[in-house]
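Worksheet: the structure to be examined is printed underneath.
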2 protein chains.
Amino acid sequence: MTTAELISQINQKKSFLCIGLDVDLNKIPSHLLVKEDPIFEFNKAIIDATHHLCVAYKPNTAFYEAYGLKGWKSLEKTINYLNEKHPEIYTIADAKRGDIGNTSTMYAKAFLEDLAFDSVTVAPYMGKDSVEPFLAFKDKHTIMLALTSNEGAFDFQTQKIDNKELYKQVLETSKNWNNSENLMYVVGATKAEYFAEIRKIVPEAFLLVPGIGAQGGNLQDVCKYGLTENVGLLINSSRGIIYASKNEDFANAAALKAEELQQQMEEILK
Amino acid sequence: MTTAELISQINQKKSFLCIGLDVDLNKIPSHLLVKEDPIFEFNKAIIDATHHLCVAYKPNTAFYEAYGLKGWKSLEKTINYLNEKHPEIYTIADAKRGDIGNTSTMYAKAFLEDLAFDSVTVAPYMGKDSVEPFLAFKDKHTIMLALTSNEGAFDFQTQKIDNKELYKQVLETSKNWNNSENLMYVVGATKAEYFAEIRKIVPEAFLLVPGIGAQGGNLQDVCKYGLTENVGLLINSSRGIIYASKNEDFANAAALKAEELQQQMEEILK
């Protein structure tokens, strides 16, 4: 999917919501556990109930790998369902991969070509030649970690190199990489004041923003500093939406939570 | 596996060789392609021919994910074969994972518990709470990227924070994490002179060293600066060994290459 197509979907739905499909068998309604593929059934119900309210879905691969072969099958079925039923929706493989060149190409192929996600998240630690293989895929995005929403972000990301924090060096440096127009960045919502600084470096890039809701981030604050003319934000919520209820009404409960956020977004976009 | 058991295996075999099982269907002998699971058959033949010469095997997960469900099945069969036939051999899931706390726990469970690898590689960018969930697993190791062997290592890893390179900050900081005795580090062989500096920070930790052979690193140089009383090094070679021949004799050819390295190691250990 091109950036223009993503923006057009955002304008149409008046939403820049991304729903994280982080499915934990210990947290989903028990009546699903008797099904052959409970993870896929859960995702399918969530997607059916929320697809008009969000513009993106983001399965975190850890939750699928944790169930081995079965988990990978659920991931495959989920992305295939999305690509068939809702090809207009943007898809993110939240995999946080990164390796030396030829190996990164294998990861890129797996997520962007075989599974046909629109984008994949990557880690920056190994630098240019670990990320560029992902950027080479046409009409796909690579979403690189910049400033994450966890405590550990302060261990290295906010440490200063030549008076500039590492995450700013990461943003700055990556702008010079081949096909850098295919880059988006992960920036945690828990640090809204940082968005102003980040927009000085990447004024137009899309930012994928986790940390709203369960992790304590605030939507208004993030938008105040992070919004661009083309919106430029994908706000992710996972647990706050998909685990809104543990009962048979879970999909409706998720839709209500998603609608709450979508309504706030519509207000902000006015 | 405990560190003591790894050291005992090293002393017994007079080898600290790790063989990287990075299987690319375009590079393996064509007569294997007709088999039901060519990747596993390739790995099995390599393992059968080389297990007495090395102390560890390291499949890079990218090469398995690139083949989807089939690839994961090959990975599962490979680790199960190793754990059944050669439980004394150390196994490394080269996955370079890392995510926020609860998600890292899912990855750790997948690799250290379900697939039952002895260790897994992780990326440090997200800091303490992204790595500690891996460290919590008893008698397992977490191998964290410090200084990698690719060009991109110079983008961020060697940049200075308060006059100390990022990779040194990573080493230093990680020593204070919970269960840090379960840490090992990835240090590329292409920068042998750095090993002296690294040993000042982590005098005893095991270092997993890629970059010998295909990537141009030199075994003698690395050992000169990196060897400890308990050896403290796992030298990895992937392509240089497993693709020594593209013909039916590939396993023997691999064993010859592995023996060459083992002999050099035996000499160094004298």
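A note on labels: chains of the structure tokens are A, B, ... as shown, every chain counts residues from 1, and ligands are counted from 1 in their shown order.
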Excluding same-chain residues fewer than 4 positions from stretch 65-68 of chain B, what lies within 10 Å of it counting only C-alpha atoms, as a list in words?
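Answer for this query is Leu69, Trp72, Lys73, Glu76, Thr103, Thr105, Met106, Tyr107, Ala108, Lys109, Ala110, Phe111, Glu113, Asp114 and Leu115 of chain A; Asp24, Leu25, Ile39, Asn60, Thr61, Trp72, Lys73, Ser74 and Leu75 of chain B.
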Saved selection, atoms kept: N, CA, C and O atoms, as a compact mmCIF listing (two decimals), in the first residue's frame:
```txt
# COMPACT_ATOMS: atom_id res chain seq x y z
N LEU A 69 4.08 -23.79 15.65
CA LEU A 69 3.51 -23.98 14.31
C LEU A 69 2.05 -23.53 14.24
O LEU A 69 1.63 -22.87 13.30
N TRP A 72 1.83 -19.81 14.04
CA TRP A 72 2.15 -19.27 12.71
C TRP A 72 1.01 -19.47 11.74
O TRP A 72 0.77 -18.66 10.86
N LYS A 73 0.31 -20.57 11.90
CA LYS A 73 -0.85 -20.83 11.05
C LYS A 73 -1.94 -19.78 11.35
O LYS A 73 -2.57 -19.26 10.42
N GLU A 76 -0.90 -16.56 9.70
CA GLU A 76 -1.12 -16.66 8.26
C GLU A 76 -2.59 -16.47 7.92
O GLU A 76 -2.95 -15.73 6.99
N THR A 103 20.53 -11.58 5.60
CA THR A 103 19.57 -12.18 6.51
C THR A 103 18.33 -11.30 6.67
O THR A 103 17.20 -11.79 6.77
N THR A 105 17.16 -9.53 4.37
CA THR A 105 16.39 -9.77 3.15
C THR A 105 15.45 -10.95 3.33
O THR A 105 14.30 -10.93 2.86
N MET A 106 15.91 -11.99 4.04
CA MET A 106 15.06 -13.15 4.29
C MET A 106 13.85 -12.75 5.13
O MET A 106 12.72 -13.16 4.87
N TYR A 107 14.09 -11.95 6.19
CA TYR A 107 12.98 -11.49 7.02
C TYR A 107 12.01 -10.63 6.21
O TYR A 107 10.78 -10.76 6.33
N ALA A 108 12.55 -9.74 5.40
CA ALA A 108 11.71 -8.85 4.60
C ALA A 108 10.83 -9.65 3.66
O ALA A 108 9.63 -9.40 3.53
N LYS A 109 11.44 -10.65 3.03
CA LYS A 109 10.70 -11.53 2.12
C LYS A 109 9.57 -12.24 2.88
O LYS A 109 8.43 -12.31 2.41
N ALA A 110 9.88 -12.73 4.06
CA ALA A 110 8.89 -13.48 4.84
C ALA A 110 7.66 -12.62 5.14
O ALA A 110 6.53 -13.05 4.95
N PHE A 111 7.90 -11.39 5.59
CA PHE A 111 6.77 -10.58 6.06
C PHE A 111 6.12 -9.75 4.96
O PHE A 111 4.90 -9.61 4.92
N GLU A 113 6.54 -10.08 1.49
CA GLU A 113 6.23 -10.75 0.22
C GLU A 113 5.34 -11.98 0.48
O GLU A 113 4.21 -12.05 0.01
N ASP A 114 5.84 -12.92 1.26
CA ASP A 114 5.10 -14.18 1.47
C ASP A 114 3.82 -13.94 2.27
O ASP A 114 2.74 -14.32 1.84
N LEU A 115 3.94 -13.33 3.44
CA LEU A 115 2.75 -13.06 4.23
C LEU A 115 2.01 -11.82 3.71
O LEU A 115 0.86 -11.59 4.04
N ASP B 24 19.70 -21.94 2.98
CA ASP B 24 19.09 -21.26 1.85
C ASP B 24 18.86 -22.29 0.75
O ASP B 24 19.80 -22.92 0.27
N LEU B 25 17.61 -22.49 0.36
CA LEU B 25 17.29 -23.54 -0.63
C LEU B 25 18.01 -23.33 -1.96
O LEU B 25 18.19 -24.27 -2.73
N ILE B 39 15.34 -28.81 3.96
CA ILE B 39 16.10 -28.04 4.95
C ILE B 39 16.52 -28.94 6.11
O ILE B 39 17.67 -28.94 6.53
N ASN B 60 19.81 -19.52 12.26
CA ASN B 60 19.29 -18.16 12.21
C ASN B 60 17.82 -18.24 11.78
O ASN B 60 17.51 -18.73 10.69
N THR B 61 16.94 -17.74 12.64
CA THR B 61 15.51 -17.95 12.40
C THR B 61 15.00 -17.32 11.10
O THR B 61 14.01 -17.78 10.55
N TRP B 72 9.18 -23.21 9.66
CA TRP B 72 9.10 -23.40 11.11
C TRP B 72 9.11 -24.87 11.48
O TRP B 72 9.65 -25.26 12.50
N LYS B 73 8.50 -25.67 10.62
CA LYS B 73 8.52 -27.12 10.87
C LYS B 73 9.96 -27.65 10.76
O LYS B 73 10.39 -28.46 11.58
N SER B 74 10.70 -27.15 9.78
CA SER B 74 12.10 -27.57 9.64
C SER B 74 12.92 -27.15 10.85
O SER B 74 13.79 -27.90 11.32
N LEU B 75 12.64 -25.95 11.36
CA LEU B 75 13.37 -25.47 12.55
C LEU B 75 13.05 -26.36 13.76
O LEU B 75 13.96 -26.77 14.49
```
Go through chain B residue by residue and, counting only C-alpha atoms, keep those with an atom at most 6 Å from chain A; for each kept residue give the shortest atom pair and its distance in Å to one decimal, ordered by chain and increasing number, as CSV.
```
residue,atom,partner,partner_atom,distance
B:Ala62,CA,A:Tyr107,CA,5.3
B:Ala66,CA,A:Ala110,CA,4.4
B:Met106,CA,A:Ala66,CA,5.4
B:Tyr107,CA,A:Ala62,CA,5.3
B:Ala110,CA,A:Ala66,CA,4.4
B:Met126,CA,A:Ala153,CA,5.3
B:Gly127,CA,A:Gly152,CA,4.1
B:Lys128,CA,A:Gly152,CA,5.0
B:Asp129,CA,A:Gly152,CA,5.4
B:Gly152,CA,A:Gly127,CA,4.1
B:Ala153,CA,A:Met126,CA,5.3
B:Asp155,CA,A:Gly127,CA,5.3
B:Lys160,CA,A:Ile161,CA,5.6
B:Ile161,CA,A:Ile161,CA,4.7
```
Give one line per residue of stretch 74-188 of chain A that approaches stretch 215-233 of chain A to at most 10 Å, naming the two atoms of the closest pair and their distance in Å to one decimal, counting only C-alpha atoms; sort by chain then ascending residue number and deliver it as CSV.
```
residue,atom,partner,partner_atom,distance
A:Ser149,CA,A:Gln215,CA,7.8
A:Asn150,CA,A:Gln215,CA,8.6
A:Met184,CA,A:Gly232,CA,9.3
A:Tyr185,CA,A:Leu233,CA,9.7
A:Val186,CA,A:Leu233,CA,10.0
A:Val187,CA,A:Leu233,CA,9.8
A:Gly188,CA,A:Gly217,CA,8.0
```
Where does DSSP see helix (DSSP H, G or I) in stretch 43-164 of chain B, if you list the residues as a ChimeraX atom specification?
/B:43-50,61-65,68-85,101-114,128-135,153-156
Using only C-alpha atoms, determine which residues lie at most 12 Å from B:Leu82, disregarding the query and same-chain residues fewer than 2 positions distant; provide the list as a count of residues only.
32
Contact residues around A:Lys140 with only C-alpha atoms at 9 Å, ignoring same-chain residues under 2 positions, as a PyMOL selection string
chain A and resi 1-3+112+117-120+134-138+142+182
Filtering to N, CA, C and O atoms, could you give me those residues as an mmCIF file, in the first residue's frame?
```cif
data_model
loop_
_atom_site.group_PDB
_atom_site.id
_atom_site.type_symbol
_atom_site.label_atom_id
_atom_site.label_comp_id
_atom_site.auth_asym_id
_atom_site.auth_seq_id
_atom_site.Cartn_x
_atom_site.Cartn_y
_atom_site.Cartn_z
ATOM 1 N N MET A 1 0.842 -1.199 0.000
ATOM 2 C CA MET A 1 0.000 0.000 0.000
ATOM 3 C C MET A 1 0.881 1.255 0.000
ATOM 4 O O MET A 1 1.886 1.304 0.703
ATOM 5 N N THR A 2 0.494 2.250 -0.779
ATOM 6 C CA THR A 2 1.255 3.498 -0.802
ATOM 7 C C THR A 2 0.839 4.381 0.377
ATOM 8 O O THR A 2 -0.240 4.205 0.959
ATOM 9 N N THR A 3 1.698 5.345 0.704
ATOM 10 C CA THR A 3 1.361 6.294 1.770
ATOM 11 C C THR A 3 0.096 7.059 1.407
ATOM 12 O O THR A 3 -0.762 7.313 2.269
ATOM 13 N N LEU A 112 6.928 -9.182 4.060
ATOM 14 C CA LEU A 112 6.375 -8.250 3.067
ATOM 15 C C LEU A 112 5.924 -8.952 1.796
ATOM 16 O O LEU A 112 5.007 -8.489 1.123
ATOM 17 N N PHE A 117 2.261 -8.573 4.264
ATOM 18 C CA PHE A 117 1.943 -7.428 5.110
ATOM 19 C C PHE A 117 2.331 -6.153 4.357
ATOM 20 O O PHE A 117 3.212 -6.161 3.497
ATOM 21 N N ASP A 118 1.680 -5.029 4.719
ATOM 22 C CA ASP A 118 2.054 -3.746 4.122
ATOM 23 C C ASP A 118 3.327 -3.182 4.743
ATOM 24 O O ASP A 118 3.984 -2.324 4.155
ATOM 25 N N SER A 119 3.645 -3.629 5.937
ATOM 26 C CA SER A 119 4.803 -3.071 6.635
ATOM 27 C C SER A 119 5.282 -4.028 7.716
ATOM 28 O O SER A 119 4.578 -4.971 8.092
ATOM 29 N N VAL A 120 6.486 -3.756 8.198
ATOM 30 C CA VAL A 120 7.071 -4.578 9.255
ATOM 31 C C VAL A 120 7.887 -3.662 10.167
ATOM 32 O O VAL A 120 8.492 -2.688 9.690
ATOM 33 N N PHE A 134 14.943 -4.103 3.874
ATOM 34 C CA PHE A 134 13.491 -3.969 4.038
ATOM 35 C C PHE A 134 12.953 -2.830 3.177
ATOM 36 O O PHE A 134 11.872 -2.915 2.596
ATOM 37 N N LEU A 135 13.740 -1.745 3.113
ATOM 38 C CA LEU A 135 13.288 -0.544 2.405
ATOM 39 C C LEU A 135 13.207 -0.746 0.900
ATOM 40 O O LEU A 135 12.573 0.042 0.193
ATOM 41 N N ALA A 136 13.845 -1.801 0.421
ATOM 42 C CA ALA A 136 13.896 -2.024 -1.028
ATOM 43 C C ALA A 136 12.560 -2.495 -1.601
ATOM 44 O O ALA A 136 12.366 -2.490 -2.818
ATOM 45 N N PHE A 137 11.638 -2.906 -0.743
ATOM 46 C CA PHE A 137 10.358 -3.439 -1.241
ATOM 47 C C PHE A 137 9.409 -2.290 -1.623
ATOM 48 O O PHE A 137 9.084 -1.443 -0.810
ATOM 49 N N LYS A 138 8.955 -2.326 -2.855
ATOM 50 C CA LYS A 138 8.121 -1.256 -3.407
ATOM 51 C C LYS A 138 6.721 -1.237 -2.767
ATOM 52 O O LYS A 138 6.120 -2.278 -2.529
ATOM 53 N N THR A 142 8.720 0.290 6.140
ATOM 54 C CA THR A 142 9.534 -0.269 7.208
ATOM 55 C C THR A 142 9.397 0.673 8.398
ATOM 56 O O THR A 142 9.659 1.871 8.263
ATOM 57 N N ASN A 182 10.336 5.205 2.408
ATOM 58 C CA ASN A 182 9.512 4.077 2.863
ATOM 59 C C ASN A 182 9.585 3.863 4.373
ATOM 60 O O ASN A 182 9.076 2.872 4.884
#
```
Min atom-atom distance to B:Leu53 from the set B:Glu181, B:Glu248, B:Glu260, B:Glu132, counting only C-alpha atoms, belongs to B:Glu260
